[in-house]
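Chemist: Below is the file coords.txt, which contains compact mmCIF, C-alpha atoms.
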```txt
# COMPACT_ATOMS: atom_id res chain seq x y z
CA LYS U 1 29.62 -38.18 1.18
CA LYS U 2 32.91 -36.36 1.75
CA VAL U 3 32.88 -33.69 4.42
CA TYR U 4 35.72 -31.21 3.95
CA LYS U 5 37.69 -30.00 6.96
CA ILE U 6 38.27 -26.26 6.56
CA GLY U 7 40.60 -24.24 8.76
CA THR U 8 40.14 -20.63 9.75
CA ASP U 9 41.77 -18.09 12.06
CA VAL U 10 40.40 -17.64 15.58
CA ILE U 11 40.46 -13.83 15.89
CA PHE U 12 40.56 -11.78 12.70
CA ALA U 13 37.47 -9.58 12.76
CA PRO U 14 35.56 -8.84 10.59
CA PHE U 15 36.61 -11.97 8.67
CA GLU U 16 36.38 -14.50 11.48
CA PHE U 17 35.70 -14.11 15.18
CA GLU U 18 33.68 -15.76 17.93
CA LYS U 19 30.32 -14.34 18.93
CA ASP U 20 27.76 -15.95 21.24
CA GLY U 21 29.64 -19.24 21.15
CA LYS U 22 29.93 -19.56 17.37
CA TYR U 23 32.27 -18.33 14.67
CA VAL U 24 31.00 -15.55 12.43
CA GLY U 25 32.48 -13.07 9.96
CA ILE U 26 32.95 -12.38 6.27
CA ASP U 27 35.02 -15.51 5.59
CA ILE U 28 32.63 -17.74 7.51
CA GLU U 29 29.57 -16.42 5.69
CA ILE U 30 31.26 -16.58 2.27
CA LEU U 31 32.31 -20.20 2.89
CA ASP U 32 28.81 -21.15 4.06
CA ALA U 33 27.15 -19.46 1.07
CA ILE U 34 29.53 -21.17 -1.38
CA ALA U 35 29.00 -24.57 0.27
CA LYS U 36 25.23 -24.18 -0.09
CA ALA U 37 25.55 -23.01 -3.70
CA GLU U 38 27.81 -25.94 -4.62
CA GLY U 39 26.15 -28.57 -2.42
CA PHE U 40 29.15 -29.66 -0.33
CA GLU U 41 29.52 -30.14 3.42
CA TYR U 42 32.33 -29.02 5.71
CA THR U 43 33.43 -28.78 9.31
CA LEU U 44 35.18 -25.66 10.58
CA SER U 45 38.51 -25.91 12.43
CA PRO U 46 39.50 -22.60 14.05
CA MET U 47 43.20 -22.28 14.94
CA ASN U 48 45.95 -19.67 15.18
CA PHE U 49 46.82 -18.31 11.75
CA ASN U 50 50.43 -19.47 11.85
CA GLY U 51 49.24 -23.07 12.25
CA LEU U 52 47.07 -23.14 9.12
CA ILE U 53 49.71 -23.77 6.45
CA PRO U 54 51.44 -26.55 8.44
CA ALA U 55 48.01 -28.16 9.02
CA ILE U 56 47.21 -28.04 5.29
CA SER U 57 50.66 -29.37 4.38
CA SER U 58 50.31 -32.32 6.79
CA ASP U 59 46.80 -33.16 5.47
CA GLN U 60 45.07 -32.24 8.73
CA LEU U 61 42.98 -29.76 6.75
CA ASP U 62 41.48 -29.95 3.28
CA GLY U 63 41.60 -26.18 2.90
CA ALA U 64 41.57 -22.84 4.72
CA ILE U 65 39.80 -19.51 4.53
CA ALA U 66 41.37 -17.04 6.92
CA GLY U 67 42.02 -13.69 5.31
CA MET U 68 45.09 -15.29 3.76
CA THR U 69 46.85 -13.06 1.25
CA ILE U 70 47.85 -14.74 -2.01
CA THR U 71 51.65 -14.49 -2.26
CA ASP U 72 54.31 -16.14 -4.44
CA GLU U 73 55.95 -17.61 -1.35
CA ARG U 74 52.74 -19.30 -0.22
CA LYS U 75 52.11 -20.55 -3.76
CA GLU U 76 55.16 -22.79 -3.35
CA VAL U 77 53.16 -25.03 -0.99
CA LEU U 78 49.54 -23.99 -1.60
CA ASP U 79 47.09 -23.64 -4.48
CA PHE U 80 44.78 -20.64 -4.20
CA SER U 81 41.31 -19.86 -5.44
CA GLU U 82 40.59 -16.70 -7.34
CA GLY U 83 40.87 -13.72 -5.02
CA TYR U 84 37.64 -13.34 -3.07
CA TYR U 85 38.49 -10.04 -1.32
CA GLU U 86 40.79 -7.14 -2.18
CA SER U 87 42.79 -5.99 0.80
CA GLY U 88 46.06 -4.25 1.55
CA ILE U 89 48.39 -3.40 4.42
CA SER U 90 47.97 -0.21 6.43
CA ALA U 91 49.85 1.21 9.39
CA VAL U 92 48.11 2.01 12.66
CA VAL U 93 49.38 3.96 15.65
CA SER U 94 48.00 5.21 18.93
CA ALA U 95 45.69 8.18 18.49
CA LYS U 96 48.09 10.14 20.72
CA ASN U 97 51.36 8.91 19.20
CA ASP U 98 53.44 11.07 16.86
CA LYS U 99 56.76 9.23 17.17
CA ILE U 100 57.46 5.92 15.40
CA ASN U 101 60.49 3.81 16.39
CA SER U 102 59.31 0.22 16.71
CA ALA U 103 56.71 -2.15 15.29
CA ASP U 104 54.43 -4.91 16.51
CA VAL U 105 53.22 -7.36 13.87
CA LYS U 106 51.17 -10.53 13.73
CA LYS U 107 53.43 -13.47 13.02
CA GLY U 108 53.07 -15.03 9.59
CA ASN U 109 50.90 -12.39 7.93
CA THR U 110 51.79 -9.93 5.21
CA GLY U 111 52.09 -7.13 7.76
CA SER U 112 55.00 -8.94 9.36
CA LEU U 113 56.63 -9.38 5.96
CA TYR U 114 56.32 -5.66 5.29
CA ALA U 115 57.83 -4.78 8.69
CA GLU U 116 60.70 -7.22 8.18
CA ASP U 117 61.40 -5.77 4.75
CA LYS U 118 61.58 -2.25 6.22
CA GLN U 119 63.35 -3.14 9.48
CA LYS U 120 66.88 -2.29 8.38
CA GLU U 121 65.83 0.89 6.62
CA LEU U 122 63.85 2.19 9.59
CA GLY U 123 66.03 0.78 12.37
CA SER U 124 62.93 -0.67 13.99
CA GLN U 125 62.45 -3.36 16.60
CA ILE U 126 59.83 -6.00 15.79
CA ARG U 127 57.79 -8.12 18.18
CA TYR U 128 55.43 -10.86 17.06
CA PHE U 129 51.91 -11.70 18.24
CA ASP U 130 49.56 -14.54 17.34
CA ASP U 131 46.39 -12.43 17.14
CA SER U 132 45.37 -8.95 16.03
CA PRO U 133 43.54 -7.78 19.23
CA SER U 134 46.67 -8.31 21.37
CA MET U 135 48.75 -6.47 18.81
CA PHE U 136 46.33 -3.52 18.66
CA GLN U 137 46.23 -3.36 22.47
CA GLU U 138 50.01 -3.05 22.68
CA VAL U 139 49.87 -0.01 20.41
CA ALA U 140 46.89 1.52 22.22
CA ASN U 141 48.70 1.08 25.56
CA GLY U 142 51.84 2.76 24.24
CA ASN U 143 53.98 -0.38 24.51
CA ALA U 144 54.59 -0.26 20.75
CA ASP U 145 54.60 2.67 18.36
CA ILE U 146 53.14 1.16 15.18
CA THR U 147 51.68 -2.03 13.79
CA PHE U 148 50.87 -3.19 10.26
CA GLU U 149 47.68 -5.10 9.49
CA ASP U 150 45.19 -5.64 6.69
CA TYR U 151 43.23 -2.44 6.12
CA PRO U 152 39.70 -3.90 6.53
CA VAL U 153 40.69 -5.42 9.89
CA ILE U 154 41.96 -2.09 11.17
CA ALA U 155 38.98 -0.19 9.75
CA TYR U 156 36.55 -2.60 11.43
CA ARG U 157 38.34 -2.25 14.77
CA LEU U 158 38.23 1.54 14.54
CA SER U 159 34.51 1.46 13.70
CA LEU U 160 33.84 -0.23 17.06
CA GLU U 161 35.65 2.39 19.14
CA LYS U 162 33.48 4.99 20.87
CA GLU U 163 36.56 7.02 21.79
CA PRO U 164 39.48 6.66 19.34
CA THR U 165 42.53 4.89 20.76
CA LEU U 166 44.10 4.12 17.38
CA LYS U 167 44.40 5.80 13.99
CA ILE U 168 45.47 4.79 10.50
CA VAL U 169 48.59 6.52 9.20
CA GLY U 170 48.78 7.41 5.50
CA ASP U 171 47.49 5.42 2.55
CA LYS U 172 47.53 1.66 2.03
CA LEU U 173 51.10 0.41 1.84
CA SER U 174 50.17 -2.39 -0.54
CA THR U 175 47.23 -3.97 -2.36
CA ALA U 176 46.62 -7.71 -2.33
CA HIS U 177 43.86 -10.33 -2.51
CA PHE U 178 42.68 -12.91 0.00
CA GLY U 179 42.33 -16.45 -1.33
CA PHE U 180 40.94 -19.82 -0.28
CA ALA U 181 43.87 -22.23 0.04
CA VAL U 182 44.43 -25.98 -0.40
CA LYS U 183 47.57 -28.12 -0.44
CA LYS U 184 49.50 -27.73 -3.67
CA GLY U 185 48.39 -30.36 -6.19
CA GLN U 186 45.59 -31.70 -3.97
CA ASN U 187 41.87 -31.06 -3.40
CA GLN U 188 41.49 -29.44 -6.80
CA GLU U 189 37.80 -30.40 -6.82
CA LEU U 190 37.29 -28.32 -3.65
CA LEU U 191 39.15 -25.40 -5.23
CA GLU U 192 36.96 -25.63 -8.34
CA LYS U 193 33.82 -25.71 -6.19
CA PHE U 194 34.97 -22.63 -4.30
CA ASN U 195 35.63 -20.68 -7.51
CA SER U 196 32.34 -21.78 -9.02
CA GLY U 197 30.40 -20.93 -5.86
CA LEU U 198 32.14 -17.57 -5.53
CA LYS U 199 30.98 -16.65 -9.03
CA LYS U 200 27.42 -17.74 -8.21
CA ILE U 201 27.12 -15.72 -4.99
CA LYS U 202 28.58 -12.64 -6.68
CA GLU U 203 26.05 -12.92 -9.51
CA SER U 204 23.16 -13.44 -7.08
CA GLY U 205 24.10 -10.44 -4.96
CA GLU U 206 24.68 -12.53 -1.85
CA TYR U 207 28.39 -11.68 -1.82
CA ASP U 208 27.71 -7.94 -1.56
CA LYS U 209 25.07 -8.59 1.08
CA ILE U 210 27.63 -10.44 3.22
CA LEU U 211 30.16 -7.60 2.97
CA ASN U 212 27.51 -5.02 3.84
CA ASN U 213 26.80 -6.89 7.08
CA TYR U 214 30.23 -5.89 8.36
CA LYS U 215 30.49 -2.25 7.32
```
Take the structure in the file and give it back as structure tokens.
Modeler:
Amino acid sequence: KKVYKIGTDVIFAPFEFEKDGKYVGIDIEILDAIAKAEGFEYTLSPMNFNGLIPAISSDQLDGAIAGMTITDERKEVLDFSEGYYESGISAVVSAKNDKINSADVKKGNTGSLYAEDKQKELGSQIRYFDDSPSMFQEVANGNADITFEDYPVIAYRLSLEKEPTLKIVGDKLSTAHFGFAVKKGQNQELLEKFNSGLKKIKESGEYDKILNNYK
């Protein structure tokens, strides 16, 4: 029986993060629920986000679920499932900061694309990080003025703070959907199983139950 190898990010709470020696989060629970609903087996391969697409392209992974936004650029090398989560980019600054001159962004995500698109207009300096916690810490410490990240990731981080060190600035800068990804033209059976299972867990109420666990 085929066991699919599925990649995920290492630190992207509340979608995937390590707790008590195991990976948990919205993506992990959605994948597990879909696998049970569709009767397939998988092994999880956590890695830095910017390594996921190369690993899929080189057939090291059968697919990935990692809060990956569906974009036209990524569709050139990947096939995506139906969107399983609506997200969007928001800006976050230090709770004490009222001056914005530079930006920290996580390499490879849609926040970095937004910052790069606005760099010339804003005259900003961009630095890249491989994980969200390091990026948030730079802003909280005052080493960077602003960062862009998916709204639910920022909101979850803020919900854990007893004393605010960060704050969201303005409305969402964009709206997008996360998708499960496979190599373009390959593993279509896995993609079909994901879509079918996603529909089943939404109809059963399990999908909403998973999201409510992380509010």
Chemist: Considering only C-alpha atoms, return as a list in words whatever protein or nucleic-acid residues lie within 12 Å of Asp72 in chain U, sequence-local ones (same chain, fewer than 6 positions apart) excluded.
Modeler: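 So, after excluding close chain neighbours, the residues are Leu78, Asp79, Phe80, Thr110 and Ala176 of chain U.
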Chemist: For each of U:Phe148, U:Phe136, U:Phe129, U:Phe180, take the minimum atom-to-atom distance to Ile34 in chain U, counting all atoms listed in the file, then give the residue where this is smallest.
Modeler: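 Result for the nearest residue to Ile34 in chain U: U:Phe180.
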Chemist: Env of Leu211 in chain U: 10 Å cut, atoms = all atoms listed in the file, seq-sep filter 2 positions within chain, self excluded. Answer as number ranges by chain.
Modeler: U: 14-15, 25-27, 29-30, 85, 206-209, 213-215
Chemist: Only C-alpha atoms, please: the residues just picked out, written as a CSV table (one decimal), in the coordinates of the input.
Modeler:
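Everything below was put into selection-v2.csv:
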```
chain,number,residue,atom,x,y,z
U,14,PRO,CA,35.6,-8.8,10.6
U,15,PHE,CA,36.6,-12.0,8.7
U,25,GLY,CA,32.5,-13.1,10.0
U,26,ILE,CA,33.0,-12.4,6.3
U,27,ASP,CA,35.0,-15.5,5.6
U,29,GLU,CA,29.6,-16.4,5.7
U,30,ILE,CA,31.3,-16.6,2.3
U,85,TYR,CA,38.5,-10.0,-1.3
U,206,GLU,CA,24.7,-12.5,-1.8
U,207,TYR,CA,28.4,-11.7,-1.8
U,208,ASP,CA,27.7,-7.9,-1.6
U,209,LYS,CA,25.1,-8.6,1.1
U,213,ASN,CA,26.8,-6.9,7.1
U,214,TYR,CA,30.2,-5.9,8.4
U,215,LYS,CA,30.5,-2.2,7.3
```
Chemist: Per residue of range 109-200 of chain U within 10 Å of range 57-64 of chain U, record the nearest atom pair and its distance in Å to one decimal, counting all atoms listed in the file, with rows in chain order and ascending residue number, as JSON lines.
Modeler:
```
{"residue": "U:Gly179", "atom": "CA", "partner": "U:Ala64", "partner_atom": "CA", "distance": 8.8}
{"residue": "U:Phe180", "atom": "CA", "partner": "U:Ala64", "partner_atom": "CA", "distance": 5.9}
{"residue": "U:Ala181", "atom": "CA", "partner": "U:Ala64", "partner_atom": "CA", "distance": 5.3}
{"residue": "U:Val182", "atom": "CA", "partner": "U:Gly63", "partner_atom": "CA", "distance": 4.4}
{"residue": "U:Lys183", "atom": "CA", "partner": "U:Ser57", "partner_atom": "CA", "distance": 5.9}
{"residue": "U:Lys184", "atom": "CA", "partner": "U:Ser57", "partner_atom": "CA", "distance": 8.3}
{"residue": "U:Gln186", "atom": "CA", "partner": "U:Asp62", "partner_atom": "CA", "distance": 8.5}
{"residue": "U:Asn187", "atom": "CA", "partner": "U:Asp62", "partner_atom": "CA", "distance": 6.8}
{"residue": "U:Leu190", "atom": "CA", "partner": "U:Gly63", "partner_atom": "CA", "distance": 8.1}
{"residue": "U:Leu191", "atom": "CA", "partner": "U:Gly63", "partner_atom": "CA", "distance": 8.5}
```
Chemist: Any idea what the distance is between CA of Lys96 in chain U and CA of Val139 in chain U?
Modeler: 10.3 Å
Chemist: Record the distance separating CA of Ala33 in chain U and CA of Ala66 in chain U, expressed in Å with one decimal.
Modeler: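 Interatomic distance here is 15.6 Å.
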Chemist: Rounded to one decimal in Å, what is the spacing between CA of Thr8 in chain U and CA of Glu73 in chain U?
Modeler: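 Separating CA of Thr8 in chain U from CA of Glu73 in chain U is a distance of 19.6 Å.
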Chemist: Which residue gives the smallest distance to Val93 in chain U among U:Arg157, U:Lys162, U:Lys22, U:Lys167, with only C-alpha atoms counted?
Modeler: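 Residue with the minimum atom-to-atom distance to Val93 in chain U: U:Lys167.
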Chemist: Find the smallest box with edges along x, y and z containing every listed atom of range 190-201 of chain U, then add 5 Å on each side and report centre and edge lengths in Å to one decimal, as JSON.
Modeler:
```
{"center_x": 33.1, "center_y": -22.0, "center_z": -6.3, "size_x": 22.0, "size_y": 22.6, "size_z": 15.4}
```
Chemist: Just checking: using only C-alpha atoms, which residue out of U:Val3, U:Ile168, U:Ala155, U:Leu160 ends up closest to Phe40 in chain U?
Modeler: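 Answer, going by the shortest atom-to-atom distance: U:Val3.
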Chemist: Tell me which of U:Val10, U:Tyr84, U:Arg74, U:Ile210 sits closest to Pro46 in chain U, counting only C-alpha atoms.
Modeler: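 Using only C-alpha atoms, the shortest distance to Pro46 in chain U belongs to U:Val10.
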Chemist: Could you check which of U:Ser204, U:Asn195, U:Ser45, U:Ser174 is closest to Asp150 in chain U, using all atoms listed in the file?
Modeler: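 Of U:Ser204, U:Asn195, U:Ser45, U:Ser174, the one nearest Asp150 in chain U, counting all atoms listed in the file, is U:Ser174.
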Chemist: When distances are computed from only C-alpha atoms, which of U:Val77, U:Leu158, U:Leu52, U:Leu166 shows the smallest separation from Gly7 in chain U?
Modeler: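 So, comparing all the options, the nearest one is U:Leu52.
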